[in-house]
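Everything below concerns the one structure shown next.
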There are 2 protein chains.
Amino acid sequence: MSQVLKAISDPTRRTVLELLRKGPMTAGALAEHFAVSKPTMSTHFKVLKAADLVHSEKNGTSVIYSLKMSVLEEALMGIAHAFGLDPNKNESVSESGDSGTQNPKENRT
Amino acid sequence: MSQVLKAISDPTRRTVLELLRKGPMTAGALAEHFAVSKPTMSTHFKVLKAADLVHSEKNGTSVIYSLKMSVLEEALMGIAHAFGLDPNKNESVSESGDSGTQNPKENRT
DNA sequence: ACACTAATTAGATAATTAGCTAAATTACGA
DNA sequence: TCGTAATTTAGCTAATTATCTAATTAGTGT
């Protein structure tokens, strides 16, 4: 779970996943969307693969990556569940006197 | 968004948030649950605060932390939305099993 | 003012991560 | 087999992160 979260906490990798949402793509085609070198993209792919968020498959000289939506989905649900906000039945958000849970003023520094 | 994800990608910080789900707690009381030093916990708190996931409030010599559930909730929804799996109306997704969403072969290493 | 408690800041170190260039690998076509 | 293209690995540097101990700040009570 940490691995999935760490993987998607990087903007580049999130964008890769969003690109793959439209369908499978080669490493090169993906890399074209970013201003970093191909080896750098390759390590990003490796992180995504380690998190099991993508599948890779050789096709000739290319490598086609595809999104494993179900893994992403389950990770998100797992997190939601861990924090009591199960999205499919969002009801049990406040279960212990929600006094300090949400404050009116948000001071982001 | 990256900040929230990075914050919750750490197991210690996730546990802190889960503890705070039961209600506000002092820094010391939170720290007791972990095997790391208090200064280390303090930096974890700082990360959570920077992500706007917790609120802090002085009370005498103590600092009381409380969870900002709404921020966490919105971040999770934002991610879900970015990937087209809006949790509140999950319709196009199959969570029944681990059948790959679009790839036939899953080789998790 | 002084001592005590709670928490944070300062300063250091080790581990991880993102990025690069250059080299190696793999597959394909002539 | 040789050359080319696509991708990854190797090896490096810089930046970030997690952790520690020691010192500092802030509040409370005597």
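Identifiers for the structure tokens are assigned positionally: chains receive A, B, ... in sequence, residues are indexed from 1 per chain, and ligands are indexed from 1 in the order shown.
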
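Non-sequential neighbours of DT9 in chain D (distance at most 9 Å, separation of 3 or more positions within a chain, only C-alpha atoms (C1' of nucleotides)) are DA23, DA24 and DT25 of chain C.
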
Check: which chain A residues lie within 8 Å of chain D using only C-alpha atoms (C1' of nucleotides), as number ranges by chain: A: 27-28, 39, 42, 61-63

Residue subset to file, keeping C-alpha atoms, as a PDB file, in the first residue's frame:
```pdb
ATOM      1  CA  ALA A  27       7.703   3.646 -23.188  1.00  0.00           C
ATOM      2  CA  GLY A  28       8.876   6.015 -25.895  1.00  0.00           C
ATOM      3  CA  PRO A  39      16.427   6.702 -18.624  1.00  0.00           C
ATOM      4  CA  SER A  42      12.462   4.271 -17.316  1.00  0.00           C
ATOM      5  CA  THR A  61      11.761  -3.353 -29.969  1.00  0.00           C
ATOM      6  CA  SER A  62       9.169  -1.522 -27.954  1.00  0.00           C
ATOM      7  CA  VAL A  63       7.739  -2.046 -24.531  1.00  0.00           C
TER       8      VAL A  63
END
```

If the cut-off is 10 Å, can you tell me the residues of chain C near chain B, counting only C-alpha atoms (C1' of nucleotides)? I'd like them as a PyMOL selection string. chain C and resi 5-9

Write out as number ranges by chain each polymer residue whose atoms come within 8 Å of Phe34 in chain A, counting only C-alpha atoms (C1' of nucleotides); drop sequence neighbours fewer than 3 positions from it. A: 12, 30-31

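The residue that comes closest to Val16 in chain A, out of B:Ala82, B:Met77, B:Leu53, B:Val47 and on the basis of only C-alpha atoms, is B:Ala82.
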
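Proximity of B:Glu74, B:Glu32, B:Asp10, B:Glu57 to chain A, computed with only C-alpha atoms, is greatest for B:Asp10.
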
Smallest atom-to-atom distance to chain B: which of A:Met25, A:Ala80, A:Ile64, A:Leu48, using only C-alpha atoms? A:Ala80

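Distances from B:Thr15, B:Ser56, B:Ser9, B:Thr40 to chain A were compared using only C-alpha atoms, and the smallest one belongs to B:Ser9.
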
Within 12 Å of Leu5 in chain A, counting only C-alpha atoms (C1' of nucleotides), which residues show up once you throw out same-chain ones fewer than 4 positions away? Write them as a PyMOL selection string, please. (chain A and resi 1+9-11+13-14+47-48+50-53+71-76+78-79) or (chain B and resi 1-11+14+76+79)

Store the residues picked out above in a file with C-alpha atoms, as a short mmCIF file (atom, residue, chain, number, x, y, z; two decimals), in the first residue's frame.
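Result file out-v3.cif:
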```
data_model
loop_
_atom_site.label_atom_id
_atom_site.label_comp_id
_atom_site.auth_asym_id
_atom_site.auth_seq_id
_atom_site.Cartn_x
_atom_site.Cartn_y
_atom_site.Cartn_z
CA MET A 1 0.00 0.00 0.00
CA SER A 9 2.71 10.85 -4.97
CA ASP A 10 4.98 11.88 -7.82
CA PRO A 11 3.33 14.17 -10.40
CA ARG A 13 4.11 9.22 -12.45
CA ARG A 14 0.55 10.34 -11.90
CA VAL A 47 8.55 2.37 -9.69
CA LEU A 48 5.10 2.01 -11.19
CA ALA A 50 7.11 -2.30 -8.51
CA ALA A 51 3.84 -0.90 -7.18
CA ASP A 52 2.05 -3.22 -9.58
CA LEU A 53 0.24 -0.26 -11.06
CA VAL A 71 -4.77 -2.19 -8.38
CA LEU A 72 -5.09 1.57 -8.20
CA GLU A 73 -8.72 1.23 -7.37
CA GLU A 74 -8.15 -1.24 -4.60
CA ALA A 75 -5.40 0.84 -3.07
CA LEU A 76 -7.62 3.89 -2.97
CA GLY A 78 -8.04 0.42 1.08
CA ILE A 79 -7.00 3.86 2.19
CA MET B 1 -2.24 16.95 -3.78
CA SER B 2 1.24 15.53 -4.06
CA GLN B 3 1.85 16.77 -0.57
CA VAL B 4 -1.11 14.88 0.84
CA LEU B 5 -0.12 11.73 -0.99
CA LYS B 6 3.46 11.95 0.13
CA ALA B 7 2.29 12.52 3.68
CA ILE B 8 0.09 9.44 3.75
CA SER B 9 2.59 7.27 1.91
CA ASP B 10 4.51 6.89 5.15
CA PRO B 11 3.19 4.14 7.44
CA ARG B 14 -0.84 6.93 8.33
CA LEU B 76 -8.80 10.91 -2.08
CA ILE B 79 -7.28 11.26 -7.03
#
```

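With distances restricted to only C-alpha atoms, A:Leu19 is the closest residue to chain B from A:Ala29, A:Met41, A:Leu19, A:Ala35.
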